[in-house]
Amino acid sequence: MLNVTIAEAAQMLGRPLTAAEAAWVGATAGVADYQLYCCTVVLLAALYSLACLPYAILDYLRLPFFEQYRLQPTIYHSPADTWKCYRDVIGVMLTTILPLQLLSYPFFKVAGITASLPLPTVSTMALQIFVFLLLEDYGNYWIHRLFHHPLLYKHIHYKHHEYTSPMGAAATYAHWAEVLVLGIPTLVGPAMVQCHVVTLWAWILLRQLEAIETHSGYDFPWSPTRLIPFYGGPRFHDYHHEVGGHSHCNFASIFTICDWLYGTDKGYYAKVAAEEKMKNLRAEKSKKEK
């Protein structure tokens with residue numbers, strides 16, 4: 001808990017506070033670390049609600065300009081279906097993620113997550129989040145692959161695959177047990193390093209944004225995530241959903257490295273090659289007709 005003035009905080013650090021640190025002192029003065037830690041769920045629900053909205057609007061309006069980037073152009077989700085999915089996800093956040101957040105605070109306190117000063121530098125946050133990404137992606141790959149075992153798929157993972165053409169709202173649409181288990185690789189990184197709660201928030205929100213984009217059903221060429229090396233993106237994960245319960249490929253949540261390393265991307269790239277071949281044949285046929 002920071003229960004000090006800006007002047008007192010500066011004296012403690014032995015230097016003037018940055019603008020961000022001064023704002024942090026002003027915003028969190030008298031607020032317990034436990035309360036700040038539990039704000040993670042509130043921020044997650046708020047971001048989920050806002051980030052899914054543009055994709056839901058695009059689904060409803062079906063504007064020709066954006067439709068050209070739809071990955072499965074013959075399948076649409078009604079507002080009622082989107083609302084049902086959204087309600088279910090918020091329900092899981094309240095009944096699964098929130099209790100987990102409340103109960104895990106002592107563990108993270110021991111792990112060294114702090115809300116005090118100084119705030120982490122941008123470079124420190126970037127490095128830590130990069131490590132979190134690698135750990136989460138590797139752990140998620142194997143857990144997701146395990147969930148495709150017939151027994152686990154039948155009783156748990158089937159729910160996430162109810163949408164063979166995913167949408168942004170379905171990013172966290174899953175059985176509560178799956179949400180609980182997949183939360184482990186997401187929190188392993190923050191538990192391993194003594195990160196600031198601001199870094200934890202940034203990581204959780206960034207991961208949620210990535211999941212929403214990956215499940216959006218659109219592959220926009222202007223997306224900044226296209227600049228990230230080895231990033232899977234919407235097209236890569238959409239194929240996993242399109243194949244459905246029989247899918248044995250594209251298990252990784254963020255990067256394509258694990259699927260390449262363990263040979264679970266062959267079906268996807270075979271499809272890409274076939275589509276490219278058909279595209280070239282159509283182009284040649286069009287030239288001949290002219």
# chains A, B, ... in the order shown; residues from 1 in each chain; ligands from 1
$ residues_around --residues "Gln128 in chain A" --least-positions-apart "4" --cutoff "10 Å" --atoms "only C-alpha atoms" --output "CSV table (one decimal) with C-alpha atoms, in the first residue's frame"
chain,number,residue,atom,x,y,z
A,122,VAL,CA,9.4,0.3,-20.4
A,123,SER,CA,12.4,-1.9,-21.3
A,124,THR,CA,11.9,-4.0,-18.1
A,132,PHE,CA,5.8,-14.4,-20.3
A,133,LEU,CA,4.8,-14.8,-24.0
A,189,GLY,CA,5.8,-16.0,-15.9
A,190,PRO,CA,4.5,-13.4,-13.5
A,193,VAL,CA,9.8,-13.0,-11.6
A,194,GLN,CA,9.2,-10.2,-9.2
A,195,CYS,CA,7.2,-8.1,-11.5
A,199,THR,CA,3.4,-5.3,-15.6
A,200,LEU,CA,0.9,-8.0,-14.7
A,203,TRP,CA,0.6,-8.8,-19.7
$ closest_atom_pairs --of "range 179-212 of chain A" --to "range 228-244 of chain A" --cutoff "12 Å" --atoms "only C-alpha atoms" --output "tab-separated table"
residue	atom	partner	partner_atom	distance
A:Leu209	CA	A:Gly233	CA	11.6
A:Glu210	CA	A:Gly233	CA	8.2
A:Ala211	CA	A:Pro234	CA	9.0
A:Ile212	CA	A:Pro234	CA	9.1
$ write_last_selection --atoms "all heavy atoms" --output "short mmCIF file (atom, residue, chain, number, x, y, z; two decimals), in the first residue's frame"
data_model
loop_
_atom_site.label_atom_id
_atom_site.label_comp_id
_atom_site.auth_asym_id
_atom_site.auth_seq_id
_atom_site.Cartn_x
_atom_site.Cartn_y
_atom_site.Cartn_z
N LEU A 209 -6.08 -9.25 -25.69
CA LEU A 209 -6.21 -8.63 -27.01
C LEU A 209 -5.75 -9.57 -28.11
O LEU A 209 -6.37 -9.66 -29.17
CB LEU A 209 -5.38 -7.33 -27.06
CG LEU A 209 -5.98 -6.10 -26.39
CD1 LEU A 209 -4.97 -4.95 -26.41
CD2 LEU A 209 -7.27 -5.68 -27.11
N GLU A 210 -4.65 -10.27 -27.85
CA GLU A 210 -4.13 -11.22 -28.84
C GLU A 210 -5.13 -12.34 -29.08
O GLU A 210 -5.36 -12.74 -30.23
CB GLU A 210 -2.79 -11.78 -28.33
CG GLU A 210 -2.08 -12.72 -29.29
CD GLU A 210 -2.61 -14.14 -29.23
OE1 GLU A 210 -3.06 -14.56 -28.14
OE2 GLU A 210 -2.59 -14.83 -30.26
N ALA A 211 -5.73 -12.86 -28.02
CA ALA A 211 -6.70 -13.95 -28.15
C ALA A 211 -7.94 -13.49 -28.92
O ALA A 211 -8.49 -14.24 -29.74
CB ALA A 211 -7.10 -14.47 -26.77
N ILE A 212 -8.38 -12.27 -28.67
CA ILE A 212 -9.56 -11.74 -29.37
C ILE A 212 -9.26 -11.58 -30.86
O ILE A 212 -10.07 -11.95 -31.71
CB ILE A 212 -10.00 -10.41 -28.75
CG1 ILE A 212 -10.59 -10.65 -27.36
CG2 ILE A 212 -11.02 -9.69 -29.63
CD1 ILE A 212 -10.86 -9.39 -26.56
#
$ closest_residue --among "A:Tyr218, A:Phe147, A:Trp24, A:Phe66" --to "Ser165 in chain A" --atoms "only C-alpha atoms"
A:Tyr218
$ residues_around --residues "Phe107 in chain A" --least-positions-apart "5" --cutoff "12 Å" --atoms "only C-alpha atoms" --output "PyMOL selection string"
chain A and resi 34+37+100-102+112-113+187-188+190-192
$ atom_distance --atom1 "CA of Ile184 in chain A" --atom2 "CA of Leu43 in chain A"
18.9 Å
$ residues_around --residues "Gly263 in chain A" --least-positions-apart "5" --cutoff "12 Å" --atoms "only C-alpha atoms" --output "PyMOL selection string"
chain A and resi 248-252+256-258+268-269
$ select_by_dssp --residues "range 141-280 of chain A" --states "helix (DSSP H, G or I)" --output "ChimeraX atom specification"
/A:141-147,150-155,157-162,168-172,176-192,197-214,224-227,233-246,257-261,266-280
$ atom_distance --atom1 "CA of His160 in chain A" --atom2 "CA of Ala273 in chain A"
27.5 Å
$ residues_around --residues "Pro73 in chain A" --least-positions-apart "4" --cutoff "12 Å" --atoms "only C-alpha atoms" --output "list in words"
Asp59, Arg62, Leu63, Pro64, Phe66, Glu67, Gln68, Tyr69, His77, Ser165, Pro166, Gly217, Tyr218 and Asp219 of chain A
$ write_last_selection --atoms "N, CA, C and O atoms" --output "short mmCIF file (atom, residue, chain, number, x, y, z; two decimals), in the first residue's frame"
data_model
loop_
_atom_site.label_atom_id
_atom_site.label_comp_id
_atom_site.auth_asym_id
_atom_site.auth_seq_id
_atom_site.Cartn_x
_atom_site.Cartn_y
_atom_site.Cartn_z
N ASP A 59 -19.54 -8.01 -37.89
CA ASP A 59 -20.36 -9.20 -38.18
C ASP A 59 -21.79 -8.80 -38.53
O ASP A 59 -22.42 -9.42 -39.39
N ARG A 62 -21.69 -6.30 -42.04
CA ARG A 62 -21.23 -7.01 -43.25
C ARG A 62 -20.83 -6.04 -44.37
O ARG A 62 -21.26 -6.17 -45.52
N LEU A 63 -20.01 -5.09 -44.03
CA LEU A 63 -19.56 -4.10 -45.01
C LEU A 63 -18.62 -4.75 -46.03
O LEU A 63 -17.67 -5.44 -45.64
N PRO A 64 -18.86 -4.53 -47.31
CA PRO A 64 -18.06 -5.20 -48.36
C PRO A 64 -16.55 -5.02 -48.20
O PRO A 64 -15.79 -5.95 -48.44
N PHE A 66 -14.71 -4.73 -45.54
CA PHE A 66 -14.17 -5.60 -44.49
C PHE A 66 -14.45 -7.08 -44.77
O PHE A 66 -13.71 -7.94 -44.30
N GLU A 67 -15.50 -7.35 -45.53
CA GLU A 67 -15.86 -8.74 -45.81
C GLU A 67 -14.77 -9.47 -46.60
O GLU A 67 -14.63 -10.69 -46.51
N GLN A 68 -14.00 -8.72 -47.38
CA GLN A 68 -12.93 -9.35 -48.16
C GLN A 68 -11.85 -9.96 -47.28
O GLN A 68 -11.05 -10.79 -47.73
N TYR A 69 -11.82 -9.54 -46.02
CA TYR A 69 -10.82 -10.06 -45.09
C TYR A 69 -11.41 -11.09 -44.13
O TYR A 69 -10.71 -11.56 -43.23
N HIS A 77 -22.40 -14.79 -37.47
CA HIS A 77 -22.93 -14.96 -36.12
C HIS A 77 -23.97 -13.88 -35.87
O HIS A 77 -23.71 -12.69 -36.05
N SER A 165 -16.39 -21.41 -36.87
CA SER A 165 -15.92 -20.13 -37.38
C SER A 165 -15.89 -19.18 -36.19
O SER A 165 -16.92 -18.65 -35.77
N PRO A 166 -14.73 -18.99 -35.57
CA PRO A 166 -14.68 -18.23 -34.31
C PRO A 166 -14.98 -16.75 -34.51
O PRO A 166 -14.99 -16.23 -35.62
N GLY A 217 -11.96 -13.91 -36.63
CA GLY A 217 -12.55 -14.32 -37.91
C GLY A 217 -12.15 -13.42 -39.06
O GLY A 217 -12.58 -13.63 -40.20
N TYR A 218 -11.30 -12.43 -38.78
CA TYR A 218 -10.82 -11.50 -39.81
C TYR A 218 -9.29 -11.48 -39.81
O TYR A 218 -8.66 -11.55 -38.75
N ASP A 219 -8.72 -11.36 -41.00
CA ASP A 219 -7.27 -11.29 -41.14
C ASP A 219 -6.93 -9.99 -41.87
O ASP A 219 -6.84 -9.96 -43.10
#
$ atom_distance --atom1 "CA of Leu36 in chain A" --atom2 "CA of Lys109 in chain A"
12.1 Å
$ closest_atom_pairs --of "range 90-188 of chain A" --to "range 3-11 of chain A" --cutoff "10 Å" --atoms "only C-alpha atoms" --output "tab-separated table"
residue	atom	partner	partner_atom	distance
A:Ser116	CA	A:Ala9	CA	9.9
A:Leu117	CA	A:Ala9	CA	7.9
A:Pro118	CA	A:Ala9	CA	9.2
$ closest_residue --among "A:Gly91, A:Gly139, A:Pro106, A:Pro221" --to "His175 in chain A" --atoms "only C-alpha atoms"
A:Gly91
